[in-house]
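J.: So that we are looking at the same thing, I have put the structure below in structure tokens.
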Amino acid sequence: MSLRNSVLAAAVAALCAQASLPALAAQAKKKEATAEVAKPDPTVTIPEDLQPKLQGLAQAKREFVTTGKAARFMPTKALLERFRNSTPQEIEAMIDAMMSVVEQSKYHDGTDPGSIPLNTQSESFNSWKVKRPTNLDPKREPGPINLSRYAGGRGGGIPTFAGAPVAITPEDLKAGKVDIAIVGAPLDMGSGYRGAKGGPLALRSMFGASGNDMYTMVDPSAELNIVDYGDIAIDNMSTERSMEHVRAMVKEIAETGAIPFIVGGDHSLEYPDVAAITDVYGKGNVGVVHFDAHYDAGDGYSAHAITHGQPVYRLIKEGHVPGKNYIQVGLRGAWPGPEAFHWMREQGFRYHTMAEVEKKGWDTVMKTAVKEAREGPKYMYISFDVDVLDPAFMPGTGTPVAGGLFMREALPIVRRLCAETNIVGFEIVEVDPLLDPSYKTAMNSNYIMHACMTGIAMRRKGITQEHFLSPLSTEHNQPER
């Protein structure tokens with residue numbers, strides 16, 4: 001091995017050992033940020049003492065350092081310090097190694113497949129989503145079907161969401177004048193962790209989604225017609241192929257006037273779910289309150305256009321929801337970084353991080369977020385990623401982040417949003433029952449869903465008071481001793 005190749009190999013090994021996570025791909029600059037915090041400048045100024053060591057480099061290699069591209073591999077300060085302790089030949093070998101990795105990471109036409117080939121000759125190509133002909137079923141009148149064997153109490157029969165009757169066709173929804181249709185979407189290939197496909201089954205098997213709400217003394221099941229609409233078929237070999245059918249099924253529900261409640265499944269579902277809602281109510285007419293530890297508007301960090309970290313970006317890029325109609329709640333952790341926050345500001349996002357909660361207190365943040373939603377567009381959608389909750393309350397999720405919301409904080413804001421705005425869709429995603437040997441993940445997820453159903457029931461009852469709480473459950477009315 002030549003001296004140069006030996007240095008190159010050593011440089012690659014050292015860089016791999018010290019590499020940090022790849023930086024979020026820089027977003028295209030659309031306008032100057034008006035924020036008080038300056039936008040990060042990736043430009044690197046070479047210190048005078050290092051100029052002699054780098055003066056012999058080709059322009060492209062110098063620019064790789066000065067434009068900040070090398071920061072993908074290690075922080076600039078650490079890289080410059082390594083340059084100080086290296087010879088010009090070693091520095092060039094390090095830069096060559098980094099540039100080689102960047103080049104190899106790109107798509108190369110003629111070498112890399114630009115798409116995943118499918119067997120279009122298969123007679124079962126679409127069998128996973130073809131609906132059963134209704135004339136093969138026993139004749140019946142359209143309408144919801146109660147699957148419970150017993151007249152009262154929990155248990156018995158076949159488990160359903162919220163213990164509700166089942167509907168399987170749009171005609172059932174129309175005939176039953178259904179207000180809320182809860183549908184499962186057992187998809188988990190858009191996440192790096194498998195198991196979220198078990199979310200719908202876990203929520204059906206657990207209590208918490210039905211009954212009286214003590215905070216308001218409103219029982220959603222008594223005020224609304226709620227059904228279990230079964231599960232949406234998923235091609236478990238392809239997230240991309242599944243998106244179109246999920247979108248069609250959510251649209252099918254919304255077109256009947258029922259509110260779709262989607263139980264995931266991972267957060268890649270937000271793209272087809274929200275797109276379906278805008279198919280019905282119009283692009284630009286729907287606002288989204290997005291509860292999540294992560295902002296899920298990543299772009300360019302993956303070869304896949306649909307993952308659980310990218311649905312928000314795609315919805316905005318395709319014009320379904322403008323940034324000004326997005327409200328983010330609960331962001332925390334290491335992702336995203338400064339560039340993404342500036343991008344959100346430029347797009348008009350309203351975001352409320354856990355850092356803001358620490359600074360201002362939850363009550364203030366909740367009031368602000370609800371006010372923003374009330375002043376938003378006519379139609380609102382809630383996307384609730386369970387990792388917005390602290391892992392103490394939600395251990396069964398693939399990407400937990402410490403320092404999240406408590407259930408005592410999540411329940412009132414969800415209930416208020418669903419009572420004080422015009423909700424046309426709701427989803428709860430990233431429930432992974434395989435990661436929770438207890439029942440708290442499924443139970444708490446059901447309580448979140450129940451809070452939204454309570455809010456919708458309150459709105460239907462004409463309860464318009466902001467943050468209404470029942471005087472019966474909040475005041476005992478006994479004389480003071």
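Note on naming: chains are A, B, ... as they come in the structure tokens, residues start from 1 per chain, ligands start from 1 in the order shown.
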For the helix (DSSP H, G or I) assignment from backbone DSSP, which residues of region 71-298 of chain A qualify? Please present them as a ChimeraX atom specification.
T.: /A:71-72,76-84,88-105,127-129,134-136,161-163,170-175,196-204,220-223,239-254,267-281
J.: Could the residues in this selection be written to a file with C-alpha atoms, as a PDB file, in the first residue's frame?
T.:
```pdb
ATOM      1  CA  ALA A  71     -18.872  19.820   9.088  1.00  0.00           C
ATOM      2  CA  ARG A  72     -20.919  16.763   8.143  1.00  0.00           C
ATOM      3  CA  THR A  76     -15.396  22.679  12.304  1.00  0.00           C
ATOM      4  CA  LYS A  77     -13.411  23.605  15.405  1.00  0.00           C
ATOM      5  CA  ALA A  78     -12.305  19.998  15.906  1.00  0.00           C
ATOM      6  CA  LEU A  79     -11.478  19.616  12.209  1.00  0.00           C
ATOM      7  CA  LEU A  80      -9.274  22.710  12.153  1.00  0.00           C
ATOM      8  CA  GLU A  81      -7.465  21.480  15.247  1.00  0.00           C
ATOM      9  CA  ARG A  82      -6.751  18.176  13.496  1.00  0.00           C
ATOM     10  CA  PHE A  83      -5.407  20.113  10.542  1.00  0.00           C
ATOM     11  CA  ARG A  84      -2.977  21.897  12.885  1.00  0.00           C
ATOM     12  CA  PRO A  88      -0.308  19.056   4.274  1.00  0.00           C
ATOM     13  CA  GLN A  89      -0.335  15.559   2.767  1.00  0.00           C
ATOM     14  CA  GLU A  90      -2.392  14.187   5.645  1.00  0.00           C
ATOM     15  CA  ILE A  91      -4.804  17.139   5.397  1.00  0.00           C
ATOM     16  CA  GLU A  92      -5.313  16.528   1.708  1.00  0.00           C
ATOM     17  CA  ALA A  93      -5.876  12.827   2.342  1.00  0.00           C
ATOM     18  CA  MET A  94      -8.516  13.636   4.961  1.00  0.00           C
ATOM     19  CA  ILE A  95     -10.315  15.993   2.588  1.00  0.00           C
ATOM     20  CA  ASP A  96     -10.112  13.401  -0.189  1.00  0.00           C
ATOM     21  CA  ALA A  97     -11.618  10.834   2.161  1.00  0.00           C
ATOM     22  CA  MET A  98     -14.514  13.094   3.082  1.00  0.00           C
ATOM     23  CA  MET A  99     -15.174  14.119  -0.508  1.00  0.00           C
ATOM     24  CA  SER A 100     -15.088  10.470  -1.527  1.00  0.00           C
ATOM     25  CA  VAL A 101     -17.742   9.594   1.065  1.00  0.00           C
ATOM     26  CA  VAL A 102     -19.939  12.479  -0.138  1.00  0.00           C
ATOM     27  CA  GLU A 103     -19.628  11.375  -3.746  1.00  0.00           C
ATOM     28  CA  GLN A 104     -20.307   7.723  -2.969  1.00  0.00           C
ATOM     29  CA  SER A 105     -23.407   8.719  -0.977  1.00  0.00           C
ATOM     30  CA  SER A 127     -55.006  -8.180  -4.408  1.00  0.00           C
ATOM     31  CA  TRP A 128     -54.049  -6.688  -1.051  1.00  0.00           C
ATOM     32  CA  LYS A 129     -56.379  -3.697  -1.566  1.00  0.00           C
ATOM     33  CA  THR A 134     -70.764  -6.929  -1.458  1.00  0.00           C
ATOM     34  CA  ASN A 135     -73.022  -9.303  -3.417  1.00  0.00           C
ATOM     35  CA  LEU A 136     -71.015 -12.177  -1.943  1.00  0.00           C
ATOM     36  CA  PHE A 161     -62.421   0.773  19.121  1.00  0.00           C
ATOM     37  CA  ALA A 162     -64.262   2.392  22.054  1.00  0.00           C
ATOM     38  CA  GLY A 163     -66.566  -0.634  22.195  1.00  0.00           C
ATOM     39  CA  PRO A 170     -69.691   4.255   3.135  1.00  0.00           C
ATOM     40  CA  GLU A 171     -73.357   3.278   2.964  1.00  0.00           C
ATOM     41  CA  ASP A 172     -73.108   2.089   6.573  1.00  0.00           C
ATOM     42  CA  LEU A 173     -71.699   5.462   7.581  1.00  0.00           C
ATOM     43  CA  LYS A 174     -74.429   7.381   5.795  1.00  0.00           C
ATOM     44  CA  ALA A 175     -77.289   5.169   6.989  1.00  0.00           C
ATOM     45  CA  ALA A 196     -46.364   0.155  15.285  1.00  0.00           C
ATOM     46  CA  LYS A 197     -48.544  -1.959  13.008  1.00  0.00           C
ATOM     47  CA  GLY A 198     -49.844  -3.494  16.240  1.00  0.00           C
ATOM     48  CA  GLY A 199     -51.268  -0.154  17.399  1.00  0.00           C
ATOM     49  CA  PRO A 200     -54.853  -0.648  16.198  1.00  0.00           C
ATOM     50  CA  LEU A 201     -55.118  -4.105  17.773  1.00  0.00           C
ATOM     51  CA  ALA A 202     -53.692  -2.834  21.075  1.00  0.00           C
ATOM     52  CA  LEU A 203     -56.144   0.072  21.298  1.00  0.00           C
ATOM     53  CA  ARG A 204     -59.117  -2.135  20.472  1.00  0.00           C
ATOM     54  CA  PRO A 220     -69.067  11.081  23.757  1.00  0.00           C
ATOM     55  CA  SER A 221     -70.829   7.774  23.094  1.00  0.00           C
ATOM     56  CA  ALA A 222     -74.089   9.260  24.357  1.00  0.00           C
ATOM     57  CA  GLU A 223     -73.816  12.342  22.142  1.00  0.00           C
ATOM     58  CA  THR A 239     -44.856   2.155   2.336  1.00  0.00           C
ATOM     59  CA  GLU A 240     -45.039   3.931  -1.020  1.00  0.00           C
ATOM     60  CA  ARG A 241     -47.701   1.607  -2.445  1.00  0.00           C
ATOM     61  CA  SER A 242     -49.732   1.844   0.758  1.00  0.00           C
ATOM     62  CA  MET A 243     -49.998   5.637   0.703  1.00  0.00           C
ATOM     63  CA  GLU A 244     -52.495   5.866  -2.158  1.00  0.00           C
ATOM     64  CA  HIS A 245     -54.915   3.369  -0.638  1.00  0.00           C
ATOM     65  CA  VAL A 246     -54.742   4.940   2.835  1.00  0.00           C
ATOM     66  CA  ARG A 247     -55.511   8.296   1.257  1.00  0.00           C
ATOM     67  CA  ALA A 248     -58.465   6.852  -0.656  1.00  0.00           C
ATOM     68  CA  MET A 249     -59.934   5.203   2.436  1.00  0.00           C
ATOM     69  CA  VAL A 250     -59.620   8.289   4.650  1.00  0.00           C
ATOM     70  CA  LYS A 251     -61.218  10.333   1.880  1.00  0.00           C
ATOM     71  CA  GLU A 252     -64.009   7.747   1.660  1.00  0.00           C
ATOM     72  CA  ILE A 253     -64.852   8.371   5.313  1.00  0.00           C
ATOM     73  CA  ALA A 254     -64.601  12.159   5.138  1.00  0.00           C
ATOM     74  CA  HIS A 267     -46.214   8.850  11.413  1.00  0.00           C
ATOM     75  CA  SER A 268     -45.635   8.492   7.680  1.00  0.00           C
ATOM     76  CA  LEU A 269     -49.446   8.184   7.724  1.00  0.00           C
ATOM     77  CA  GLU A 270     -49.788  11.919   8.301  1.00  0.00           C
ATOM     78  CA  TYR A 271     -49.078  12.513   4.608  1.00  0.00           C
ATOM     79  CA  PRO A 272     -51.936  10.438   3.123  1.00  0.00           C
ATOM     80  CA  ASP A 273     -54.280  11.212   6.029  1.00  0.00           C
ATOM     81  CA  VAL A 274     -54.017  14.999   5.754  1.00  0.00           C
ATOM     82  CA  ALA A 275     -53.876  14.894   1.937  1.00  0.00           C
ATOM     83  CA  ALA A 276     -57.176  12.983   1.989  1.00  0.00           C
ATOM     84  CA  ILE A 277     -58.746  15.635   4.196  1.00  0.00           C
ATOM     85  CA  THR A 278     -57.625  18.402   1.830  1.00  0.00           C
ATOM     86  CA  ASP A 279     -58.976  16.356  -1.085  1.00  0.00           C
ATOM     87  CA  VAL A 280     -62.390  16.818   0.543  1.00  0.00           C
ATOM     88  CA  TYR A 281     -62.124  20.302   2.071  1.00  0.00           C
TER      89      TYR A 281
END
```
J.: Got a sec: who's within 12 Å of Gly176 (chain A), counting only C-alpha atoms, leaving out chain neighbours fewer than 6 positions off, as a list in words?
T.: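 Those residues are Glu141, Pro142, Gly143, Pro144, Ile145, Asn146, Pro165, Val166, Ala167, Ile168, Thr169, Pro170, Leu224, Asn225, Ile226, Val227, Thr256, Gly257 and Ala258 of chain A.
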J.: Could you check which of A:Val431, A:Gly190, A:Thr454, A:Pro479 is closest to His304 (chain A), using only C-alpha atoms?
T.: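 Residue with the minimum atom-to-atom distance to His304 (chain A): A:Gly190.
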J.: Step one, run DSSP on the backbone; step two, keep only residues of region 376-449 of chain A assigned to strand (DSSP E); then write them as a VMD selection string.
T.: chain A and resid 379 to 385 423 to 429
J.: Enter the distance from CA of Leu405 (chain A) to CA of Pro186 (chain A), in Å, rounded to one decimal.
T.: 25.1 Å
J.: Enter the distance from CA of His294 (chain A) to CA of Ala402 (chain A), in Å, rounded to one decimal.
T.: 12.1 Å
J.: Quick check, in Å to one decimal: how far apart do CA of Gly319 (chain A) and CA of Ala297 (chain A) lie?
T.: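 Distance reported for this atom pair: 13.8 Å.
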J.: Could you list, as a PyMOL selection string, every residue within 12 Å of region 365-371 of chain A, counting only C-alpha atoms and ignoring same-chain residues fewer than 5 positions away?
T.: chain A and resi 288-291+325-330+349-360+376+380+382+405+409-421+466-467
J.: Please produce a file of the residues just selected, as a compact mmCIF listing (two decimals), in the first residue's frame, where the atoms kept are C-alpha atoms.
T.:
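To be explicit, this is the file written out as part.txt:
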```txt
# COMPACT_ATOMS: atom_id res chain seq x y z
CA VAL A 288 -52.95 21.03 11.43
CA VAL A 289 -52.02 20.91 15.10
CA HIS A 290 -49.06 18.55 15.17
CA PHE A 291 -48.17 17.05 18.57
CA ASN A 325 -51.64 26.71 9.01
CA TYR A 326 -49.26 24.44 10.95
CA ILE A 327 -48.97 24.53 14.74
CA GLN A 328 -46.28 22.35 16.32
CA VAL A 329 -46.51 21.38 19.99
CA GLY A 330 -44.00 19.51 22.16
CA PHE A 349 -45.15 27.91 11.36
CA ARG A 350 -46.26 28.50 14.92
CA TYR A 351 -44.19 26.15 17.05
CA HIS A 352 -44.27 25.55 20.79
CA THR A 353 -41.29 23.62 22.09
CA MET A 354 -40.74 22.14 25.52
CA ALA A 355 -38.09 24.84 25.89
CA GLU A 356 -40.92 27.38 25.61
CA VAL A 357 -42.89 25.39 28.20
CA GLU A 358 -39.88 25.58 30.54
CA LYS A 359 -39.63 29.33 29.94
CA LYS A 360 -43.31 30.36 30.07
CA GLY A 376 -56.74 29.60 12.03
CA MET A 380 -58.68 21.72 11.73
CA ILE A 382 -54.99 16.95 14.86
CA LEU A 405 -45.74 16.32 28.09
CA GLU A 409 -51.11 18.46 30.20
CA ALA A 410 -52.03 16.55 27.02
CA LEU A 411 -55.64 15.72 27.88
CA PRO A 412 -56.91 19.28 28.39
CA ILE A 413 -55.27 20.74 25.26
CA VAL A 414 -56.62 17.94 23.07
CA ARG A 415 -60.08 18.24 24.61
CA ARG A 416 -60.02 22.03 24.18
CA LEU A 417 -58.86 21.92 20.56
CA CYS A 418 -61.60 19.44 19.68
CA ALA A 419 -64.23 21.50 21.50
CA GLU A 420 -63.16 24.97 20.43
CA THR A 421 -62.28 24.39 16.77
CA GLU A 466 -63.37 28.33 26.75
CA HIS A 467 -61.75 25.56 28.77
```
J.: I'd like the neighbourhood of region 434-447 of chain A as a list of chain:residue names, where a residue qualifies if any of its atoms comes within 7 Å (using only C-alpha atoms), though same-chain residues fewer than 2 positions away should be ignored.
T.: A:Gly195, A:Ala202, A:Leu203, A:Met206, A:Phe207, A:Gly208, A:Ala209, A:Phe393, A:Met394, A:Pro395, A:Gly396, A:Thr397, A:Asp432, A:Met449, A:His450, A:Ala451
J.: Suppose we keep C-alpha atoms; can you now write the selection as a PDB file, in the first residue's frame?
T.:
```
ATOM      1  CA  GLY A 195     -44.109  -2.864  15.794  1.00  0.00           C
ATOM      2  CA  ALA A 202     -53.692  -2.834  21.075  1.00  0.00           C
ATOM      3  CA  LEU A 203     -56.144   0.072  21.298  1.00  0.00           C
ATOM      4  CA  MET A 206     -57.707  -1.799  25.917  1.00  0.00           C
ATOM      5  CA  PHE A 207     -60.148   0.402  27.798  1.00  0.00           C
ATOM      6  CA  GLY A 208     -60.028   4.192  27.968  1.00  0.00           C
ATOM      7  CA  ALA A 209     -61.740   5.246  24.730  1.00  0.00           C
ATOM      8  CA  PHE A 393     -46.458   7.786  30.224  1.00  0.00           C
ATOM      9  CA  MET A 394     -45.741   6.382  26.777  1.00  0.00           C
ATOM     10  CA  PRO A 395     -42.916   3.805  26.802  1.00  0.00           C
ATOM     11  CA  GLY A 396     -44.279   1.909  23.803  1.00  0.00           C
ATOM     12  CA  THR A 397     -43.037   4.095  20.969  1.00  0.00           C
ATOM     13  CA  ASP A 432     -45.670   0.311  19.393  1.00  0.00           C
ATOM     14  CA  MET A 449     -58.507   9.764  21.626  1.00  0.00           C
ATOM     15  CA  HIS A 450     -61.369   9.923  24.143  1.00  0.00           C
ATOM     16  CA  ALA A 451     -60.400  13.508  25.030  1.00  0.00           C
TER      17      ALA A 451
END
```
J.: Quick one: residues within 8 Å of Tyr313 (chain A), only C-alpha atoms, excluding same-chain residues fewer than 4 positions away - as a ChimeraX atom specification?
T.: /A:296-299,317
J.: Mind writing the picked residues with N, CA and C atoms as an mmCIF file, in the first residue's frame?
T.:
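Below is the file that was written, again.cif:
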```
data_model
loop_
_atom_site.group_PDB
_atom_site.id
_atom_site.type_symbol
_atom_site.label_atom_id
_atom_site.label_comp_id
_atom_site.auth_asym_id
_atom_site.auth_seq_id
_atom_site.Cartn_x
_atom_site.Cartn_y
_atom_site.Cartn_z
ATOM 1 N N ASP A 296 -40.761 16.506 12.023
ATOM 2 C CA ASP A 296 -41.209 15.644 10.922
ATOM 3 C C ASP A 296 -41.331 16.369 9.591
ATOM 4 N N ALA A 297 -40.463 17.353 9.375
ATOM 5 C CA ALA A 297 -40.425 18.063 8.097
ATOM 6 C C ALA A 297 -39.048 17.919 7.467
ATOM 7 N N GLY A 298 -38.413 16.771 7.703
ATOM 8 C CA GLY A 298 -37.101 16.524 7.136
ATOM 9 C C GLY A 298 -37.148 16.468 5.622
ATOM 10 N N ASP A 299 -36.050 16.859 5.018
ATOM 11 C CA ASP A 299 -35.961 16.825 3.561
ATOM 12 C C ASP A 299 -34.531 16.506 3.162
ATOM 13 N N LYS A 317 -44.835 21.033 0.674
ATOM 14 C CA LYS A 317 -44.274 21.103 -0.673
ATOM 15 C C LYS A 317 -45.349 20.907 -1.741
#
```
J.: Within 10 Å of Ser238 (chain A), counting only C-alpha atoms, which residues show up once you throw out same-chain ones fewer than 6 positions away? Write them as an mmCIF file with N, CA and C atoms, in the first residue's frame, please.
T.:
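Now in part-v1.cif:
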```cif
data_model
loop_
_atom_site.group_PDB
_atom_site.id
_atom_site.type_symbol
_atom_site.label_atom_id
_atom_site.label_comp_id
_atom_site.auth_asym_id
_atom_site.auth_seq_id
_atom_site.Cartn_x
_atom_site.Cartn_y
_atom_site.Cartn_z
ATOM 1 N N ILE A 116 -37.708 0.953 -7.187
ATOM 2 C CA ILE A 116 -37.717 -0.453 -6.796
ATOM 3 C C ILE A 116 -38.593 -1.215 -7.783
ATOM 4 N N LEU A 187 -49.517 0.285 9.624
ATOM 5 C CA LEU A 187 -48.331 0.459 8.784
ATOM 6 C C LEU A 187 -47.144 0.832 9.654
ATOM 7 N N ASP A 188 -46.014 0.178 9.481
ATOM 8 C CA ASP A 188 -44.834 0.573 10.272
ATOM 9 C C ASP A 188 -43.528 0.488 9.494
ATOM 10 N N MET A 189 -43.590 0.466 8.155
ATOM 11 C CA MET A 189 -42.352 0.430 7.381
ATOM 12 C C MET A 189 -41.749 1.813 7.186
ATOM 13 N N GLY A 190 -42.458 2.875 7.561
ATOM 14 C CA GLY A 190 -41.921 4.221 7.419
ATOM 15 C C GLY A 190 -41.065 4.631 8.598
#
```
